Every structure is written in C-alpha cells, then in structure tokens.
>>> print(open('final-v7.txt').read())   # compact mmCIF, C-alpha atoms and all ligand atoms
# COMPACT_ATOMS: atom_id res chain seq x y z
CA MET A 178 95.30 75.02 89.51
CA ALA A 179 94.52 72.38 92.06
CA GLY A 180 92.21 73.64 94.76
CA THR A 181 92.01 72.65 98.40
CA GLU A 182 89.22 70.22 97.57
CA GLU A 183 91.40 68.46 95.03
CA VAL A 184 94.35 68.21 97.43
CA LYS A 185 91.94 66.77 99.96
CA ALA A 186 90.59 64.24 97.47
CA VAL A 187 94.09 63.14 96.40
CA GLY A 188 95.12 62.99 100.07
CA ALA A 189 92.14 60.78 100.84
CA ILE A 190 93.28 58.35 98.14
CA LEU A 191 96.78 58.25 99.62
CA ALA A 192 95.45 57.62 103.11
CA ASN A 193 92.98 54.94 102.07
CA PRO A 194 94.38 51.42 102.63
CA LYS A 195 91.63 50.01 100.42
CA GLU A 196 93.07 51.72 97.36
CA SER A 197 95.69 49.78 95.42
CA LEU A 198 99.29 50.50 96.32
CA THR A 199 100.04 51.74 92.82
CA THR A 200 97.17 54.25 92.95
CA ARG A 201 98.35 55.44 96.35
CA PHE A 202 101.89 55.86 95.02
CA ARG A 203 100.63 58.00 92.18
CA ALA A 204 98.56 60.04 94.66
CA LEU A 205 101.64 60.51 96.84
CA PHE A 206 103.73 61.85 93.99
CA THR A 207 100.88 64.13 92.97
CA LEU A 208 100.82 65.59 96.49
CA ARG A 209 104.57 65.96 96.49
CA ASN A 210 104.38 67.92 93.26
CA LEU A 211 101.54 70.08 94.57
CA GLY A 212 103.27 70.83 97.88
CA GLY A 213 101.86 73.05 100.62
CA ALA A 214 100.74 72.56 104.20
CA GLU A 215 97.73 70.44 103.40
CA ALA A 216 99.67 68.06 101.16
CA ILE A 217 102.21 67.65 103.98
CA GLU A 218 99.39 67.00 106.41
CA TRP A 219 97.96 64.19 104.28
CA ILE A 220 101.37 62.64 103.76
CA SER A 221 102.14 62.87 107.48
CA ARG A 222 99.00 61.12 108.61
CA THR A 223 99.73 58.13 106.36
CA PHE A 224 102.71 57.07 108.52
CA GLU A 225 100.21 54.93 110.39
CA ASP A 226 99.92 52.61 107.42
CA ASP A 227 101.31 49.10 107.56
CA SER A 228 103.26 49.20 104.29
CA ALA A 229 106.91 50.00 104.97
CA LEU A 230 107.36 50.64 101.28
CA LEU A 231 104.67 53.30 101.20
CA LYS A 232 105.85 54.89 104.46
CA HIS A 233 109.48 55.12 103.37
CA GLU A 234 108.29 56.81 100.20
CA LEU A 235 106.28 59.29 102.28
CA ALA A 236 109.44 60.28 104.12
CA TYR A 237 111.37 60.46 100.87
CA CYS A 238 108.80 62.81 99.37
CA LEU A 239 108.76 65.05 102.43
CA GLY A 240 112.52 65.40 102.16
CA GLN A 241 112.36 66.23 98.47
CA MET A 242 109.71 68.88 99.11
CA GLN A 243 112.23 70.67 101.38
CA ASP A 244 109.45 72.26 103.38
CA GLU A 245 110.35 72.87 107.02
CA ARG A 246 106.78 72.22 108.08
CA ALA A 247 107.61 68.53 107.60
CA LEU A 248 110.42 68.56 110.19
CA PRO A 249 108.27 67.59 113.22
CA ILE A 250 106.75 64.50 111.61
CA LEU A 251 110.13 63.39 110.25
CA GLU A 252 111.70 63.77 113.69
CA THR A 253 108.88 61.67 115.17
CA VAL A 254 109.38 58.93 112.58
CA LEU A 255 113.16 58.83 113.06
CA LYS A 256 112.71 58.46 116.82
CA ASP A 257 109.98 55.83 116.53
CA THR A 258 111.68 52.45 116.82
CA THR A 259 108.43 50.67 115.97
CA GLN A 260 108.80 52.01 112.44
CA GLU A 261 110.77 49.77 110.08
CA PRO A 262 114.50 50.63 109.66
CA MET A 263 113.90 51.51 106.01
CA VAL A 264 111.28 54.07 107.05
CA ARG A 265 113.44 55.56 109.79
CA HIS A 266 116.37 55.69 107.37
CA GLU A 267 114.33 57.67 104.88
CA ALA A 268 113.14 60.04 107.64
CA GLY A 269 116.76 60.69 108.66
CA GLU A 270 117.75 61.31 105.06
CA ALA A 271 114.80 63.65 104.59
CA LEU A 272 115.83 65.67 107.65
CA GLY A 273 119.22 66.15 105.99
CA ALA A 274 117.60 66.99 102.66
CA ILE A 275 115.52 69.81 104.12
CA GLY A 276 118.78 71.38 105.17
CA ASN A 277 117.89 73.13 108.41
CA PRO A 278 120.80 72.93 110.90
CA LYS A 279 118.44 72.88 113.85
CA VAL A 280 118.11 69.10 113.43
CA LEU A 281 121.89 68.60 113.68
CA ASP A 282 121.84 67.52 117.34
CA LEU A 283 119.10 65.00 116.72
CA LEU A 284 120.93 63.59 113.71
CA LYS A 285 124.17 63.36 115.70
CA GLN A 286 122.31 61.49 118.40
CA TYR A 287 120.88 58.97 115.93
CA SER A 288 124.26 58.60 114.23
CA GLU A 289 124.82 56.08 117.03
CA ASP A 290 121.58 54.19 116.46
CA PRO A 291 121.90 50.42 116.86
CA VAL A 292 120.32 49.95 113.42
CA VAL A 293 123.29 50.41 111.13
CA GLU A 294 121.26 51.75 108.17
CA VAL A 295 119.72 54.42 110.40
CA ALA A 296 123.06 55.32 111.99
CA GLU A 297 124.85 55.60 108.62
CA THR A 298 122.02 57.69 107.18
CA CYS A 299 122.22 60.12 110.07
CA GLN A 300 126.01 60.33 109.74
CA LEU A 301 125.57 61.23 106.09
CA ALA A 302 122.88 63.79 106.92
CA VAL A 303 125.17 65.40 109.50
CA ARG A 304 127.93 65.65 106.90
CA ARG A 305 125.50 67.19 104.41
CA LEU A 306 124.29 69.79 106.89
CA GLU A 307 127.87 70.64 107.84
CA TRP A 308 128.74 70.92 104.15
CA LEU A 309 125.78 73.24 103.66
CA SER A 310 126.65 75.42 106.62
CA GLY A 311 130.21 75.65 105.31
CA GLY A 312 128.82 77.30 102.17
CA GLY A 313 128.80 74.11 100.10
CA GLY A 314 125.36 74.81 98.71
CA GLN A 315 126.42 78.09 97.17
CA GLY A 316 128.54 79.11 94.24
CA GLU A 317 129.88 76.57 91.84
CA GLU A 318 129.01 73.55 93.92
CA ALA A 319 125.35 74.58 94.03
CA VAL A 320 125.22 74.17 90.26
CA ASP A 321 126.53 70.66 90.45
CA GLY A 322 125.36 69.27 87.17
CA ASN A 323 122.63 67.12 88.69
CA PRO A 324 120.24 66.62 85.77
CA TYR A 325 117.61 65.02 88.00
CA SER A 326 116.75 67.95 90.29
CA SER A 327 116.70 65.57 93.23
CA VAL A 328 118.02 66.59 96.63
CA ASP A 329 120.82 64.10 97.23
CA PRO A 330 122.36 62.98 100.52
CA ALA A 331 125.78 64.15 99.32
CA PRO A 332 127.08 66.57 96.71
CA PRO A 333 128.92 65.08 93.73
CA ALA A 334 132.68 64.77 93.89
CA PRO A 335 134.69 67.22 91.80
CA ARG A 336 135.14 66.12 88.20
CA LYS A 337 137.42 63.11 87.77
CA SER A 338 137.73 60.27 85.31
CA VAL A 339 135.38 57.30 85.59
CA PRO A 340 138.16 54.92 86.78
CA GLU A 341 139.12 57.40 89.52
CA LEU A 342 135.51 57.87 90.60
CA ARG A 343 134.97 54.10 90.50
CA ALA A 344 137.99 53.58 92.78
CA GLN A 345 136.61 56.19 95.20
CA LEU A 346 133.16 54.61 95.07
CA LEU A 347 134.37 51.12 95.87
CA CYS A 348 137.03 51.98 98.47
CA GLU A 349 135.61 50.59 101.69
CA THR A 350 138.07 52.43 103.90
CA LEU A 351 136.87 55.85 102.77
CA PRO A 352 134.10 57.62 104.71
CA LEU A 353 130.66 56.86 103.29
CA PHE A 354 130.13 60.53 102.47
CA GLU A 355 133.13 60.50 100.11
CA ARG A 356 131.93 57.31 98.44
CA TYR A 357 128.50 58.88 97.98
CA ARG A 358 130.14 61.90 96.41
CA ALA A 359 131.75 59.61 93.83
CA MET A 360 128.39 57.92 93.30
CA PHE A 361 126.61 61.16 92.47
CA ALA A 362 129.46 62.36 90.29
CA LEU A 363 129.24 59.13 88.26
CA ARG A 364 125.48 59.50 88.01
CA ASN A 365 125.83 63.04 86.72
CA LEU A 366 128.31 61.89 84.08
CA GLY A 367 125.59 59.58 82.78
CA THR A 368 127.76 57.58 80.39
CA GLU A 369 127.56 53.83 79.94
CA GLU A 370 131.01 53.52 81.52
CA ALA A 371 129.72 55.40 84.56
CA VAL A 372 126.61 53.19 84.71
CA LEU A 373 128.74 50.03 84.71
CA ALA A 374 131.04 51.45 87.40
CA LEU A 375 128.00 52.18 89.54
CA GLY A 376 126.64 48.70 88.89
CA ASP A 377 129.84 47.27 90.42
CA GLY A 378 128.82 49.05 93.61
CA LEU A 379 125.88 46.68 93.96
CA GLN A 380 128.32 44.10 95.28
CA HIS A 381 130.32 46.30 97.64
CA GLY A 382 129.77 47.86 101.02
CA GLY A 383 126.79 47.81 103.36
CA ALA A 384 123.10 47.56 102.57
CA LEU A 385 122.60 51.33 102.76
CA PHE A 386 125.32 51.94 100.20
CA ARG A 387 124.04 49.23 97.87
CA HIS A 388 120.46 50.44 98.07
CA GLU A 389 121.60 53.94 97.15
CA ILE A 390 123.35 52.50 94.10
CA GLY A 391 120.03 50.91 93.11
CA TYR A 392 118.31 54.26 93.58
CA VAL A 393 120.84 56.10 91.44
CA LEU A 394 120.64 53.49 88.68
CA GLY A 395 116.87 53.91 88.78
CA GLN A 396 117.30 57.62 88.24
CA MET A 397 119.64 57.04 85.31
CA GLN A 398 117.33 54.54 83.59
CA HIS A 399 120.15 53.17 81.49
CA GLU A 400 119.61 49.73 80.02
CA ALA A 401 123.26 48.82 80.56
CA SER A 402 122.51 48.43 84.26
CA VAL A 403 119.74 45.86 83.79
CA PRO A 404 121.92 42.70 84.25
CA GLN A 405 123.44 44.00 87.49
CA LEU A 406 120.10 45.20 88.86
CA ARG A 407 118.45 41.91 87.99
CA ALA A 408 121.27 39.96 89.63
CA ALA A 409 120.86 41.97 92.85
CA LEU A 410 117.10 41.45 92.86
CA GLU A 411 117.64 37.71 92.42
CA ARG A 412 120.56 37.37 94.86
CA ALA A 413 119.75 35.03 97.73
CA GLY A 414 120.26 36.67 101.10
CA GLU A 415 120.41 40.20 99.70
CA SER A 416 118.80 42.84 101.94
CA GLY A 417 115.17 43.66 101.16
CA MET A 418 116.05 47.33 101.12
CA VAL A 419 118.51 46.73 98.28
CA ARG A 420 116.25 44.36 96.36
CA HIS A 421 113.40 46.85 96.65
CA GLU A 422 115.48 49.62 95.12
CA CYS A 423 116.69 47.35 92.30
CA ALA A 424 113.14 46.28 91.51
CA GLU A 425 111.98 49.88 91.26
CA ALA A 426 114.98 50.76 89.12
CA LEU A 427 114.08 47.94 86.72
CA GLY A 428 110.52 49.25 86.55
CA ALA A 429 111.78 52.75 85.83
CA ILE A 430 114.04 51.50 83.03
CA GLY A 431 110.99 49.81 81.56
CA ALA A 432 112.84 47.56 79.13
CA GLU A 433 111.56 44.17 78.02
CA ALA A 434 114.53 42.56 79.79
CA CYS A 435 113.21 43.80 83.17
CA LEU A 436 109.77 42.31 82.88
CA ALA A 437 110.32 38.62 83.67
CA ALA A 438 112.22 39.32 86.90
CA LEU A 439 109.61 41.80 88.08
CA ARG A 440 106.79 39.35 87.39
CA ARG A 441 108.66 36.57 89.14
CA PHE A 442 109.32 38.56 92.32
CA ARG A 443 105.84 40.05 92.48
CA GLY A 444 105.14 37.01 94.62
CA ASP A 445 108.27 37.37 96.80
CA ALA A 446 108.05 36.29 100.42
CA GLU A 447 109.44 39.62 101.57
CA ARG A 448 106.62 42.15 101.53
CA VAL A 449 108.75 45.15 100.62
CA VAL A 450 110.13 43.32 97.57
CA LYS A 451 106.74 42.04 96.52
CA GLU A 452 105.21 45.52 96.77
CA SER A 453 108.17 47.10 95.01
CA CYS A 454 107.65 44.74 92.08
CA GLU A 455 103.98 45.77 91.96
CA VAL A 456 104.94 49.43 91.87
CA ALA A 457 107.73 48.69 89.39
CA LEU A 458 105.32 46.92 87.06
CA ASP A 459 103.06 49.97 87.22
CA MET A 460 106.08 52.13 86.32
CA TYR A 461 106.89 49.69 83.52
CA GLU A 462 103.36 50.04 82.23
CA TYR A 463 103.63 53.82 82.39
CA GLU A 464 106.99 53.69 80.66
CA ASN A 465 105.54 51.68 77.82
CA SER A 466 102.27 53.54 77.51
CA GLY A 467 101.35 56.90 76.07
CA GLN A 468 100.41 58.21 79.51
CA PHE A 469 101.52 61.76 79.97
CA GLN A 470 102.18 61.80 83.67
CA TYR A 471 102.94 59.18 86.32
CA ALA A 472 101.81 61.41 89.19
CA ASP A 473 98.37 61.60 87.71
CA GLY A 474 96.26 61.90 90.86
CA LEU A 475 94.60 65.09 89.64
CA GLN A 476 93.87 63.74 86.18
CA ARG A 477 92.34 60.59 87.64
CA LEU A 478 90.23 62.73 89.93
CA ARG A 479 89.01 64.82 87.05
CA GLY A 480 88.37 61.76 84.91
CA GLU A 481 90.97 62.89 82.39
CA HIS A 482 93.04 60.30 80.61
CA LEU A 483 95.97 62.05 79.12
CA THR A 484 97.87 59.98 76.66
CA ILE A 485 100.23 61.64 74.30
CA GLY A 486 102.54 59.59 72.13
CA GLY A 487 106.08 60.86 72.07
CA ALA A 488 105.33 64.06 73.96
CA GLU A 489 107.45 65.21 76.85
CA ARG A 490 106.32 63.39 79.90
CA GLN A 491 106.79 63.55 83.57
CA ASP A 492 109.20 61.51 85.56
CA PRO A 493 107.51 60.72 88.80
CA HIS A 494 110.23 59.17 90.88
CA SER A 495 112.67 61.94 90.40
CA LEU A 496 112.15 65.53 89.49
CA ARG A 497 113.46 64.85 86.12
CA PRO A 498 112.14 67.35 83.66
CA GLN A 499 115.27 67.34 81.55
CA LYS A 500 114.66 64.18 79.60
CA GLN A 501 112.72 64.37 76.41
CA ARG A 502 110.57 61.54 77.49
CA SER A 503 110.20 61.64 81.20
CA PRO A 504 110.14 58.10 82.44
CA ALA A 505 108.67 56.40 85.44
CA ASN A 506 110.88 56.96 88.36
CA PRO A 507 109.03 58.61 91.19
CA ARG A 508 112.40 59.49 92.70
CA THR A 509 113.05 62.34 90.38
CA VAL A 510 110.77 65.16 91.34
CA CYS A 511 108.88 66.50 88.46
CA SER A 512 107.99 70.09 88.76
CA LEU A 513 105.05 69.64 86.43
CA PRO A 514 102.16 68.64 88.67
CA LEU A 515 99.69 70.47 86.52
CA VAL A 516 101.20 69.52 83.23
CA GLY A 517 97.74 68.45 82.11
CA ASN A 518 96.68 72.07 82.33
CA MET A 519 99.15 72.88 79.59
CA LEU A 520 96.64 71.26 77.29
CA HIS A 521 93.91 73.62 78.35
CA PRO A 522 92.40 75.42 75.30
CA VAL A 523 93.55 78.80 76.66
CA MET A 524 97.12 77.53 76.86
CA ILE A 525 96.89 76.13 73.35
CA ALA A 526 95.54 79.48 72.10
CA ILE A 527 98.36 81.41 73.80
CA VAL A 528 101.04 79.13 72.36
CA THR A 529 99.47 79.27 68.88
CA ALA A 530 99.20 83.09 68.97
CA ASN A 531 102.79 83.38 70.15
CA THR A 532 104.05 81.12 67.40
CA SER A 533 102.07 82.98 64.72
CA ILE A 534 103.41 86.39 65.85
CA THR A 535 106.97 85.04 65.79
CA VAL A 536 106.52 83.61 62.27
CA LEU A 537 104.98 86.87 60.97
CA TYR A 538 107.80 88.86 62.53
CA TRP A 539 110.47 86.79 60.76
CA VAL A 540 108.60 86.89 57.45
CA PHE A 541 108.52 90.70 57.72
CA ILE A 542 112.24 90.97 58.59
CA LEU A 543 113.30 88.62 55.79
CA THR A 544 111.09 90.39 53.22
CA GLU A 545 112.62 93.74 54.22
CA LEU A 546 116.16 92.39 53.89
CA PHE A 547 115.43 90.77 50.58
CA SER A 548 113.84 93.87 49.03
CA LYS A 549 116.72 96.09 50.25
CA ARG A 550 119.18 93.76 48.61
CA ILE A 551 117.29 93.79 45.31
CA ASN A 552 117.13 97.61 45.39
CA ALA A 553 120.85 97.84 46.13
CA GLU A 554 121.70 95.56 43.23
CA ALA A 555 119.46 97.56 40.89
CA MET A 556 121.31 100.84 41.73
CA PRO A 557 124.49 101.81 39.77
CA ARG A 558 127.63 101.20 41.83
CA GLU A 559 129.83 104.05 42.80
CA ASN A 560 133.46 103.52 41.97
CA PRO A 561 135.83 104.69 44.68
CA ALA A 562 138.04 106.53 42.25
FE FE A 601 116.68 55.26 100.77
FE FE A 602 113.57 53.14 98.53
>>> encode(input="final-v7.txt", output="structure tokens", more="lines below")
Ligand SMILES: [Fe+2]
Ligand SMILES: [Fe+2]
Amino acid sequence: MAGTEEVKAVGAILANPKESLTTRFRALFTLRNLGGAEAIEWISRTFEDDSALLKHELAYCLGQMQDERALPILETVLKDTTQEPMVRHEAGEALGAIGNPKVLDLLKQYSEDPVVEVAETCQLAVRRLEWLSGGGGQGEEAVDGNPYSSVDPAPPAPRKSVPELRAQLLCETLPLFERYRAMFALRNLGTEEAVLALGDGLQHGGALFRHEIGYVLGQMQHEASVPQLRAALERAGESGMVRHECAEALGAIGAEACLAALRRFRGDAERVVKESCEVALDMYEYENSGQFQYADGLQRLRGEHLTIGGAERQDPHSLRPQKQRSPANPRTVCSLPLVGNMLHPVMIAIVTANTSITVLYWVFILTELFSKRINAEAMPRENPA
C-alpha cells in the first residue's frame, strides 16, 4: 500500500514545474488512482501552474475521483476567469461528474458564461445532475454498458442502430445533451462502424462537441479513427482544444500511422497542442513498450521498472481495466494503482497455492469418478425382468 510519505512524494513531483510534463502527467494519474484527501490536496495546489494542459487534466482527474472534498477547488477554478477556458470547462464538467446537486445553482449560473465552451459544459452538467436526481443513475441505466469505467458528462442513449445514433449525433438542432447521449452509445457499441460514425462528428458542431469526440475516440483506441483524428490535428484554424484531444487520442492508439503527425506537431505554435503531442508521444512509447503501468509514479519512486510483455496492463487515461492489454489513455481510470504489488512474492505465493489446491481438487474428483465407473462396469448388470 502507498503510505502518506509516498503520496507526498508523488504529489511533490506533480507540483514541481521543473519535472518534465510527461512525468508530472504520470504522477497525476497515480494520485488519481490512489485517491484520498492528501492526493486531492496535491492536485488542487497545482492549479497555479502555467500549463493549461496540465491544469485541465487536474480538473478532469478530480471529477473522475468523484470525491466531494474536491468541490471547493473546482468551484474556485470554474469562477476564475483568469484560468484558460479549457481549464474552466473541465472544472465545470468535473462538478457535474461528482454528482452532488448542491452545485446546481452555480452550474446554472455559469450556463450563461460568455465563453461558449464553459457555458455549454455547465448546461450539460446541469442536465446530468437533473438526470441523476430523477433516478437516472439507478436501475438499468446505471449499468449502461460503459466498458471504460469513466464518469461521462451524459448517459448513453438507449440502444439503436449505428445509422440512427449517427443521425442523432450529427443533428445540430438537437440539444447537446441528446447528441452526447448518442456519442456515448456509439462508443459503448465499439464497432468499426460506430468508430467511423463518431469520426464524422469531428467536422460537426462546436469546439466542445468536437473535442469530446476526440476524447471518446481516444478511449476507444481503434485504428479506424486514425485518418480522421490526424486530419483534425492538421486542420488549419481548428480549435486548440480539439487538436489537443485528437493528439492525445493518436498517442493512446499508439499505431505507427500516428507517429509522424505527433512528431510534426510537437513543435506546434499553440502550447496546448505542442504539450499534448509530448504527452501523446509518451503514451505512444508506453503503448509500444512492455511497461506495465502508465500511472507509474509509485514504481518510479521505488525505483521499480515493471515491464511485462503481453501481460494485462493499466490504461491510464481512462479507468479501463476491461481490455486485455490496457493501453495509454489517461482518460480511462484504472483502478489498479498498486498493480505492481500484485507481483509481490506473497501475492505470487497465494496465487500459486490457490492454483495448486484447485488442480489437486479436480484431480481427486476426476479420479473418484473414473474409478466408480470402472467398478460399475466390472459388476454384473441386473436385468429389469
Ligand atoms: Fe474536456
Ligand atoms: Fe482534454
């Protein structure tokens, strides 16, 4: 288990502007996975940094942790107009993700914010909280087929065909909440057809909508989306918020076809894009390495270098423990912060002992059955009449 000292040491890495951005990202996702008041404290104090990319990810992580102790700092960030729109957007979304209705009035107030991305985010968060208070988070809808364990800004739409969901996704007269519902339903379907339908969304709607498409495609990590993601990253005049999300998605996919674009835009004039490409290249490296865990702040601290070829790995950007090989997308929360501890000799001994007992048990049962059958065959049969 990670102790207070370790949380403090990982927190100090996150808060240290002299550390590389990629190391700080990994520290952030380690803290998110660890959770607790102290982790929140370290994440909260880093909002004074000058990297919008890092700060928006802080807010994202606080939302995914769903810990109400993060509400005050998220409220402060949403209200702070000196913070970049992308950071305030993520704070608003995180307030919705935590799910406490006491922030409803604040979110309604900022639903009128002059920054359209902030206003739309708050409108979505209001809809989510209203959906939750109407019982939406319970029963069937609570088990919504989200394989990524992420807390999304909208629940998925009820099951429909891909063409129907695509039409709902791209219909610009529908409320954003309904379009998001189609987006998450398509993501949960996970087919190539669904990926391509989502990719079409990269050319429709406002920047907030398009950036969420990039995020979802990053979660899915399907190679079929690479051409559309690359085109959005390369598109002249595209919003930095969208390009950032597409860059990270390409890094999470980690295919050869992503590499050239990421290298090219690592020198982009827009800081958030440039930094996203740096982080994406680190994800790419993780994706193509034998590293066991992206959020490896504890392992780095302990001087452990866990590399396991083909073993189940952690997905850092999402909590995505369902995939056999958990890839680099810090947007899918991984509930395995201490996965390295699974390799502890005691754990190995327990697993080995368990396996041996199971094997012995089955050998015993099968031997019994076999000998009974032989005995039965050896005995003279009784004729019924
Ligand atoms: Fe976002
Ligand atoms: Fe983002």
>>> atom_distance(input="final-v7.txt", atom1="CA of Asn365 in chain A", atom2="CA of Glu389 in chain A")
14.5 Å
>>> closest_residue(input="final-v7.txt", among="A:Met360, A:Leu543, A:Ala247, A:Ile390", to="ligand FE 601 (chain A)", atoms="all atoms listed in the file")
A:Ile390
>>> closest_atom_pairs(input="final-v7.txt", of="chain A", to="ligand FE 602 (chain A)", cutoff="9 Å", atoms="only C-alpha atoms and all ligand atoms", output="Markdown table")
| residue | atom | partner | partner_atom | distance |
| --- | --- | --- | --- | --- |
| A:Leu230 | CA | A:FE602 | FE | 7.2 |
| A:His233 | CA | A:FE602 | FE | 6.6 |
| A:Glu234 | CA | A:FE602 | FE | 6.6 |
| A:Tyr237 | CA | A:FE602 | FE | 8.0 |
| A:Met263 | CA | A:FE602 | FE | 7.7 |
| A:Val264 | CA | A:FE602 | FE | 8.9 |
| A:Glu267 | CA | A:FE602 | FE | 7.8 |
| A:His388 | CA | A:FE602 | FE | 7.4 |
| A:Glu389 | CA | A:FE602 | FE | 8.2 |
| A:Gly391 | CA | A:FE602 | FE | 8.7 |
| A:Tyr392 | CA | A:FE602 | FE | 6.9 |
| A:Met418 | CA | A:FE602 | FE | 6.8 |
| A:Val419 | CA | A:FE602 | FE | 8.1 |
| A:His421 | CA | A:FE602 | FE | 6.6 |
| A:Glu422 | CA | A:FE602 | FE | 5.3 |
| A:Glu425 | CA | A:FE602 | FE | 8.1 |
| A:Ser453 | CA | A:FE602 | FE | 8.8 |
| A:Arg508 | CA | A:FE602 | FE | 8.7 |
>>> atom_distance(input="final-v7.txt", atom1="CA of Thr223 in chain A", atom2="CA of Gln243 in chain A")
18.4 Å
>>> closest_residue(input="final-v7.txt", among="A:Lys337, A:Arg407, A:Arg356, A:His399", to="Phe386 in chain A", atoms="all atoms listed in the file")
A:Arg356
>>> residues_around(input="final-v7.txt", residues="Glu294 in chain A", least_positions_apart="2", cutoff="10 Å", atoms="all atoms listed in the file", output="list of chain:residue names")
A:Pro262, A:Met263, A:Arg265, A:His266, A:Glu267, A:Ser288, A:Asp290, A:Pro291, A:Val292, A:Ala296, A:Glu297, A:Thr298, A:Cys299, A:Gln300, A:Gly383, A:Ala384, A:Leu385, A:Phe386, A:Met418
>>> closest_residue(input="final-v7.txt", among="A:Met242, A:Leu211, A:Val393, A:Ala362", to="ligand FE 601 (chain A)", atoms="all atoms listed in the file")
A:Val393
>>> closest_residue(input="final-v7.txt", among="A:Arg222, A:Arg364, A:Arg443, A:Arg420", to="ligand FE 601 (chain A)", atoms="only C-alpha atoms and all ligand atoms")
A:Arg420
>>> closest_residue(input="final-v7.txt", among="A:Ala204, A:Leu439, A:Ile250, A:Leu198", to="Asp226 in chain A", atoms="only C-alpha atoms")
A:Leu198
>>> residues_around(input="final-v7.txt", residues="Ile217 in chain A", least_positions_apart="6", cutoff="8 Å", atoms="all atoms listed in the file", output="PyMOL selection string")
chain A and resi 208+239+246-247
>>> atom_distance(input="final-v7.txt", atom1="CA of Gly417 in chain A", atom2="CA of Glu447 in chain A")
7.0 Å
>>> residues_near_point(input="final-v7.txt", point="(122.4, 57.0, 82.2)", cutoff="9 Å", atoms="all atoms listed in the file", output="PyMOL selection string")
chain A and resi 364-369+371-372+394+396-402
>>> closest_residue(input="final-v7.txt", among="A:Tyr287, A:Leu255, A:Leu351, A:Pro330", to="ligand FE 601 (chain A)", atoms="all atoms listed in the file")
A:Pro330
>>> residues_around(input="final-v7.txt", residues="range 301-307 of chain A", least_positions_apart="3", cutoff="9 Å", atoms="only C-alpha atoms", output="number ranges by chain")
A: 269-274, 276-278, 280-282, 284-285, 288, 296-298, 310-313, 330-332, 353-354, 357
>>> residues_around(input="final-v7.txt", residues="Glu355 in chain A", least_positions_apart="5", cutoff="8 Å", atoms="all atoms listed in the file", output="list in words")
Ala334, Gln345 and Leu346 of chain A
>>> residues_around(input="final-v7.txt", residues="range 180-194 of chain A", least_positions_apart="2", cutoff="8 Å", atoms="only C-alpha atoms", output="PyMOL selection string")
chain A and resi 178+196-197+200-202+204-205+207-208+211+215-216+219-220+222-223+226+474-475+478
